[in-house]
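Read through the structure below, which is laid out as structure tokens, and then see the notes.
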Amino acid sequence: MLKIKVQDLNKLFDAISEKEPLYMPLEKAGEANYGLYKTGEKTALDVLKTVKSAKDLFFPQSETIVKFKTEGKNITVEDIREEVKPFVLFGVKACDFKAFEVLDKVFLADPVDTYYQAKRNACTVVTFACRRPEESCFCKVFGIDAANPVGDVTIWKDDENLYWRENTEKGSKLTESVRYLFAEGGEKDVQNQQEETRKIIEKLPFSSLDLSYFENTEMMDIFNRPEWQKLSEACLACGTCTFVCPTCQCFDIREFKASNDQIIRYRCWDSCMYSDFTQMSHGNNRTTQMQRYRQRFMHKLVYYPENNGGLFSCVGCGRCVNKCPQKLNIVKVVKTLGGKKDD
Amino acid sequence: MTDEVLIPKVGVVTDVRRDTPDVKTFRVVGTDGKKLFEHMPGQCAMVSIPGVGESMFSITSSPTNEDYMEFSIKKCGCVTEVIHSIEAGQQITVRGPYGRNFPVEGAFKGKDLLFIAGGIGLAPLRSVINYVRHFRKNYGKVIVVYGARSADDLVDIDEIKNEWSNEENFEVYLTIDRPQEGWNGHVGFVPSYVKEIGLDPNMTAVLCGPPIMIKFTLQGLLELGFNKTNVYTTLELRMKCGVGKCGRCNVGSKYVCKDGPVFRMDEIDELPDEY
Ligand SMILES: Cc1cc2nc3c(=O)[nH]c(=O)nc-3n(C[C@H](O)[C@H](O)[C@H](O)COP(=O)(O)OP(=O)(O)OC[C@H]3O[C@@H](n4cnc5c(N)ncnc54)[C@H](O)[C@@H]3O)c2cc1C
Ligand code: SF4
Ligand code: SF4
Ligand code: FES
């Protein structure tokens, strides 16, 4: 284990960013989000939850797929991607890191999505153990240990030091390049902090959520529960929950004319909560907001796990708990349909 | 740069044929004059005119056709409207093939086959039927029941009349919804016609057409004693990626673009009713 004084952190960020682009939580207009670090930038490492998750780095909100040129009746197709240079993603919490595993099973499944894969491979992920998880967090329910995330490097931080542990070969390489800034030690401090953190997690209100109903019930029984109607009634179809969610991966493919003879086709995040998501010329297979709302949660709690060995497509980050304007969220769904351990 | 499934190939439309007032069939080859890629009956491809958009279509030609691929496209919105305006020589883009095909080399082998289509629903079936004709000895008796709104709405009628009707051990039944001058064939909806023909319930059946036709035809077949495990159809949901990633065609734990579009009726029974 290595450690560095918190006053020296900017030196660390500068050193990393001199070598490779460094993406980390930055504060902009009062909100913390992942962004490209530059010397003097206002960092927001201590913010527990960035507004948007870290998925942006591998699956950007919008991304060019291909460029077309047209000339009379002829078309040329141009793959305008450049090689993705190695970069560092710094400060990813355990929930967001677990979400990469959820996304990998979609984008890296055959046929591989090479847009996602190129960024994923080029990235060294430094995860950041949570010190004081808050009320909306329920990662524990999904078997995630917020006090001990993995990734290429794991860091912990208290009021005096940042502690650093390399986990992989990529992590060692990064460590080597900044080793001169660190001193040895910190195992005991980290252990103590982990114990404190785990105590906090035990007491969090949602830590006792029970997912066994979704694991042990037939899909159609869950699908047909009458409670979906009531649960979804207030939904505005704003799509906020899907955009802030680290595991939501639905996208749209669109195109625009960049000039008279050039067309850019791109993909962008989309939401199953939108009414035109499944709209076809002869009709729509989900006509009500209840059906769309149900789709989102059935996908996370039933369909995705069925296809992926029981892995849920929720990591308990609590973003939808905090951000839904109508206070509809996955916790409410689980509690209403599945109950709590002690009920 | 690595190969990427979302990046299409350029194809050239070499022939455009008007089938009905709102369906045209487009013949497509690569820029080198060869077929763009191989496929199996029932599989689909994303066809696009850059600047307008992409749409999913069944590859209606049989894989046994070594020279080109064909798409029968019904005009019904933005993309299909523009596709209908193109002429031979125009380049388009195509990516695919996508999805699970009909089990022509599996469950269909050695079976008597019943094909029931309504309207543009013939498009995916034409590929299987011509495949079966090509490998005729691998399959038993074939019956085709095909219906459309009017005689003018029957897709590929020339091929049906001039080629299919002359095959041995191969029966073709055509019907239109309402009587029409010059038509001396059967008049009536597909589901009721199917019940009149006198079918052997041990045949393997394939249904393609509008949802309402499928629903009532299936009911009819079940009444005749058909088993759902011997009845196949294709589902049509909105699609974007075609490879199980964009989430759009998800129903239950299935993605219609990769787990379908071909499904057995008993498999469809296990899906939530959102297709
Ligand atoms: C697996 C599959 C096979 C198909 N095979 C054929 C075929 O062989 N021949 C044929 O004529 N049509 C076929 N379709 C339907 C065809 O994809 C739509 O008619 C077409 O996309 C309509 O596009 P549009 O832009 O003209 O219509 P608009 O209504 O303007 O479309 C708007 C958007 O909705 C989508 N959309 C609209 N209708 C459908 C639909 N029915 N299915 C899926 N997406 C839709 C379009 O892609 C577009 O993004 C098939 C659809 C699927 C899913
Ligand atoms: S569903 Fe909500 S709590 Fe779960 S991962 Fe998505 S945003 Fe986080
Ligand atoms: S559940 Fe909430 S955040 Fe999601 S679409 Fe509905 S109102 Fe918006
Ligand atoms: S079309 Fe994208 S998942 Fe099926």
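How things are named: the first chain in the structure tokens is A, the next is B, and so on; residues count from 1 in each chain; ligands count from 1 in the order shown.
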
If you take only C-alpha atoms and all ligand atoms and a cut-off of 12 Å, which residues of chain A touch ligand 1, and what are their nearest atom pairs and distances in Å to one decimal, in chain and number order, as a tab-separated table?
```
residue	atom	partner	partner_atom_place_in_ligand_line	distance
A:Asp252	CA	ligand 1	49 (O)	9.1
A:Ile253	CA	ligand 1	49 (O)	8.6
A:Arg254	CA	ligand 1	49 (O)	8.7
A:Glu255	CA	ligand 1	49 (O)	11.1
A:Asp276	CA	ligand 1	34 (O)	8.5
A:Phe277	CA	ligand 1	34 (O)	8.8
A:Thr278	CA	ligand 1	34 (O)	7.7
A:Gln279	CA	ligand 1	34 (O)	5.9
A:Met280	CA	ligand 1	38 (N)	3.5
A:Ser281	CA	ligand 1	29 (O)	3.6
A:His282	CA	ligand 1	41 (N)	5.8
A:Gly283	CA	ligand 1	41 (N)	7.7
A:Asn284	CA	ligand 1	38 (N)	9.0
A:Asn285	CA	ligand 1	42 (N)	10.4
```

Once you have the residues from the selection above, write them out as a PDB file, in the first residue's frame, restricted to N, CA, C and O atoms.
```
ATOM      1  N   ASP A 252     -30.285   5.113 -29.586  1.00  0.00           N
ATOM      2  CA  ASP A 252     -30.948   5.396 -30.848  1.00  0.00           C
ATOM      3  C   ASP A 252     -29.850   5.578 -31.888  1.00  0.00           C
ATOM      4  O   ASP A 252     -28.712   5.906 -31.539  1.00  0.00           O
ATOM      5  N   ILE A 253     -30.169   5.366 -33.149  1.00  0.00           N
ATOM      6  CA  ILE A 253     -29.225   5.667 -34.222  1.00  0.00           C
ATOM      7  C   ILE A 253     -29.875   6.724 -35.106  1.00  0.00           C
ATOM      8  O   ILE A 253     -31.007   6.547 -35.546  1.00  0.00           O
ATOM      9  N   ARG A 254     -29.189   7.834 -35.293  1.00  0.00           N
ATOM     10  CA  ARG A 254     -29.740   8.938 -36.075  1.00  0.00           C
ATOM     11  C   ARG A 254     -28.709   9.451 -37.052  1.00  0.00           C
ATOM     12  O   ARG A 254     -27.548   9.079 -36.983  1.00  0.00           O
ATOM     13  N   GLU A 255     -29.115  10.373 -37.896  1.00  0.00           N
ATOM     14  CA  GLU A 255     -28.140  10.936 -38.824  1.00  0.00           C
ATOM     15  C   GLU A 255     -28.502  12.366 -39.168  1.00  0.00           C
ATOM     16  O   GLU A 255     -29.652  12.786 -39.009  1.00  0.00           O
ATOM     17  N   ASP A 276     -42.191   7.147 -28.050  1.00  0.00           N
ATOM     18  CA  ASP A 276     -41.881   6.783 -29.441  1.00  0.00           C
ATOM     19  C   ASP A 276     -40.782   5.728 -29.537  1.00  0.00           C
ATOM     20  O   ASP A 276     -40.371   5.366 -30.629  1.00  0.00           O
ATOM     21  N   PHE A 277     -40.333   5.247 -28.397  1.00  0.00           N
ATOM     22  CA  PHE A 277     -39.228   4.279 -28.391  1.00  0.00           C
ATOM     23  C   PHE A 277     -39.558   3.050 -29.236  1.00  0.00           C
ATOM     24  O   PHE A 277     -38.714   2.518 -29.949  1.00  0.00           O
ATOM     25  N   THR A 278     -40.793   2.595 -29.150  1.00  0.00           N
ATOM     26  CA  THR A 278     -41.171   1.397 -29.898  1.00  0.00           C
ATOM     27  C   THR A 278     -42.209   1.705 -30.979  1.00  0.00           C
ATOM     28  O   THR A 278     -42.860   0.802 -31.498  1.00  0.00           O
ATOM     29  N   GLN A 279     -42.356   2.985 -31.327  1.00  0.00           N
ATOM     30  CA  GLN A 279     -43.370   3.375 -32.308  1.00  0.00           C
ATOM     31  C   GLN A 279     -43.030   2.842 -33.706  1.00  0.00           C
ATOM     32  O   GLN A 279     -41.925   3.038 -34.189  1.00  0.00           O
ATOM     33  N   MET A 280     -43.958   2.170 -34.335  1.00  0.00           N
ATOM     34  CA  MET A 280     -43.770   1.698 -35.714  1.00  0.00           C
ATOM     35  C   MET A 280     -44.860   2.293 -36.589  1.00  0.00           C
ATOM     36  O   MET A 280     -45.818   2.860 -36.090  1.00  0.00           O
ATOM     37  N   SER A 281     -44.712   2.125 -37.907  1.00  0.00           N
ATOM     38  CA  SER A 281     -45.730   2.730 -38.773  1.00  0.00           C
ATOM     39  C   SER A 281     -47.088   2.051 -38.607  1.00  0.00           C
ATOM     40  O   SER A 281     -48.111   2.671 -38.818  1.00  0.00           O
ATOM     41  N   HIS A 282     -47.102   0.763 -38.221  1.00  0.00           N
ATOM     42  CA  HIS A 282     -48.403   0.102 -38.079  1.00  0.00           C
ATOM     43  C   HIS A 282     -48.886   0.039 -36.637  1.00  0.00           C
ATOM     44  O   HIS A 282     -49.901  -0.573 -36.349  1.00  0.00           O
ATOM     45  N   GLY A 283     -48.147   0.658 -35.701  1.00  0.00           N
ATOM     46  CA  GLY A 283     -48.621   0.635 -34.324  1.00  0.00           C
ATOM     47  C   GLY A 283     -47.476   0.662 -33.343  1.00  0.00           C
ATOM     48  O   GLY A 283     -46.331   0.880 -33.714  1.00  0.00           O
ATOM     49  N   ASN A 284     -47.810   0.458 -32.075  1.00  0.00           N
ATOM     50  CA  ASN A 284     -46.815   0.524 -31.016  1.00  0.00           C
ATOM     51  C   ASN A 284     -47.066  -0.652 -30.085  1.00  0.00           C
ATOM     52  O   ASN A 284     -48.206  -0.899 -29.695  1.00  0.00           O
ATOM     53  N   ASN A 285     -46.024  -1.386 -29.755  1.00  0.00           N
ATOM     54  CA  ASN A 285     -46.247  -2.536 -28.890  1.00  0.00           C
ATOM     55  C   ASN A 285     -46.274  -2.194 -27.409  1.00  0.00           C
ATOM     56  O   ASN A 285     -46.569  -3.043 -26.588  1.00  0.00           O
TER      57      ASN A 285
END
```

Problem set entry | Close residues to ligand 3 using only C-alpha atoms and all ligand atoms, limit 10 Å, as JSON, numbers by chain | {"A": [231, 232, 233, 234, 235, 236, 237, 238, 239, 240, 241, 242, 243, 244, 245, 271, 272, 273, 274, 289, 290, 292, 293, 294, 296, 297, 319, 320, 321, 322, 323, 324, 325, 326, 327, 328, 329, 330]}

Taking only residues of chain A that have an atom at most 7 Å from an atom of chain B, what is each one's shortest atom pair and its distance in Å to one decimal, using only C-alpha atoms, in chain and number order, as CSV?
```
residue,atom,partner,partner_atom,distance
A:Val66,CA,B:Ile7,CA,6.5
A:Phe68,CA,B:Pro50,CA,6.7
A:Lys73,CA,B:Gln90,CA,4.7
A:Asn74,CA,B:Gln91,CA,5.4
A:Ile75,CA,B:Gln91,CA,6.1
A:Val106,CA,B:Lys245,CA,6.0
A:Phe107,CA,B:Lys245,CA,6.5
A:Asp113,CA,B:Glu4,CA,6.8
A:Thr114,CA,B:Glu4,CA,6.1
A:Met220,CA,B:Pro272,CA,6.8
A:Gln249,CA,B:Cys246,CA,6.8
A:Cys250,CA,B:Cys246,CA,4.6
A:Phe251,CA,B:Cys246,CA,4.8
A:Asp252,CA,B:Lys240,CA,6.6
A:Ile253,CA,B:Lys240,CA,6.3
A:Glu255,CA,B:Gly51,CA,6.1
A:Phe256,CA,B:Gly51,CA,6.1
A:Lys257,CA,B:Gly51,CA,6.2
A:Ile263,CA,B:Gly51,CA,5.8
A:Phe277,CA,B:Arg248,CA,6.9
A:Thr278,CA,B:Arg238,CA,5.5
A:Gln279,CA,B:Arg238,CA,6.8
A:Met280,CA,B:Arg238,CA,6.0
A:Ser281,CA,B:Cys76,CA,6.5
A:Asn285,CA,B:Glu274,CA,5.2
A:Arg286,CA,B:Glu274,CA,6.3
A:Tyr303,CA,B:Ser253,CA,4.4
A:Tyr304,CA,B:Ser253,CA,6.7
A:Glu306,CA,B:Ser253,CA,6.6
A:Asn307,CA,B:Ser253,CA,6.5
```

For this session: Identify, with DSSP run on backbone atoms, the residues in stretch 56-235 of chain B assigned to helix (DSSP H, G or I), and express the list as JSON, numbers by chain.
Result: {"B": [78, 79, 80, 81, 82, 83, 84, 119, 120, 121, 122, 123, 124, 125, 126, 127, 128, 129, 130, 131, 132, 133, 134, 136, 137, 138, 151, 152, 153, 157, 158, 159, 160, 161, 162, 164, 165, 166, 190, 191, 192, 193, 194, 195, 196, 197, 211, 212, 213, 214, 215, 216, 217, 218, 219, 220, 221, 222, 223, 228, 229, 230]}

Problem set entry | Contacts of stretch 170-183 of chain B at 9 Å (only C-alpha atoms; same-chain gap of 5+ positions) as a PyMOL selection string | chain B and resi 141-151+153-154+160-161+164-165+188-190+193+197

Go ahead and save the picked residues with C-alpha atoms, as a short mmCIF file (atom, residue, chain, number, x, y, z; two decimals), in the first residue's frame.
```cif
data_model
loop_
_atom_site.label_atom_id
_atom_site.label_comp_id
_atom_site.auth_asym_id
_atom_site.auth_seq_id
_atom_site.Cartn_x
_atom_site.Cartn_y
_atom_site.Cartn_z
CA LYS B 141 -45.55 -31.88 -49.65
CA VAL B 142 -45.78 -28.07 -49.79
CA ILE B 143 -48.94 -26.00 -49.52
CA VAL B 144 -48.95 -22.22 -49.88
CA VAL B 145 -51.96 -20.16 -48.86
CA TYR B 146 -51.56 -16.51 -49.75
CA GLY B 147 -54.04 -13.71 -49.38
CA ALA B 148 -54.14 -9.95 -49.91
CA ARG B 149 -56.63 -7.11 -49.88
CA SER B 150 -57.12 -7.28 -53.63
CA ALA B 151 -55.65 -9.05 -56.65
CA ASP B 153 -51.93 -6.40 -53.72
CA LEU B 154 -50.56 -9.89 -54.21
CA ILE B 160 -46.24 -17.67 -57.94
CA LYS B 161 -48.30 -18.28 -61.07
CA TRP B 164 -44.64 -22.25 -57.94
CA SER B 165 -47.87 -23.51 -59.46
CA GLY B 188 -62.45 -14.33 -48.35
CA PHE B 189 -60.04 -13.78 -45.48
CA VAL B 190 -57.04 -16.05 -45.01
CA TYR B 193 -59.95 -20.03 -46.17
CA ILE B 197 -58.92 -26.23 -47.55
#
```

For this session: For stretch 200-204 of chain B, list every protein, DNA or RNA residue within 7 Å, evaluated using only C-alpha atoms, and leave out those in the same chain fewer than 6 positions away; present the list as a PyMOL selection string.
Result: chain B and resi 111-114+224-226+230-231

For those residues, write C-alpha atoms to a file as a PDB file, in the first residue's frame.
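And here's selection.pdb as it stands now:
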```pdb
ATOM      1  CA  LYS B 111     -41.626 -32.447 -43.228  1.00  0.00           C
ATOM      2  CA  ASP B 112     -44.755 -31.496 -45.138  1.00  0.00           C
ATOM      3  CA  LEU B 113     -44.736 -27.700 -45.088  1.00  0.00           C
ATOM      4  CA  LEU B 114     -47.647 -25.287 -44.970  1.00  0.00           C
ATOM      5  CA  LEU B 224     -57.799 -28.266 -36.880  1.00  0.00           C
ATOM      6  CA  GLY B 225     -55.492 -30.066 -34.460  1.00  0.00           C
ATOM      7  CA  PHE B 226     -52.155 -28.395 -35.245  1.00  0.00           C
ATOM      8  CA  ASN B 230     -45.020 -27.131 -35.275  1.00  0.00           C
ATOM      9  CA  VAL B 231     -46.142 -23.596 -36.083  1.00  0.00           C
TER      10      VAL B 231
END
```

For this session: Using only C-alpha atoms, determine which residues lie at most 10 Å from B:Val132, disregarding the query and same-chain residues fewer than 4 positions distant; provide the list as a PyMOL selection string.
Result: chain B and resi 41+62+64+104+108-109+113+126-128+136-140+142
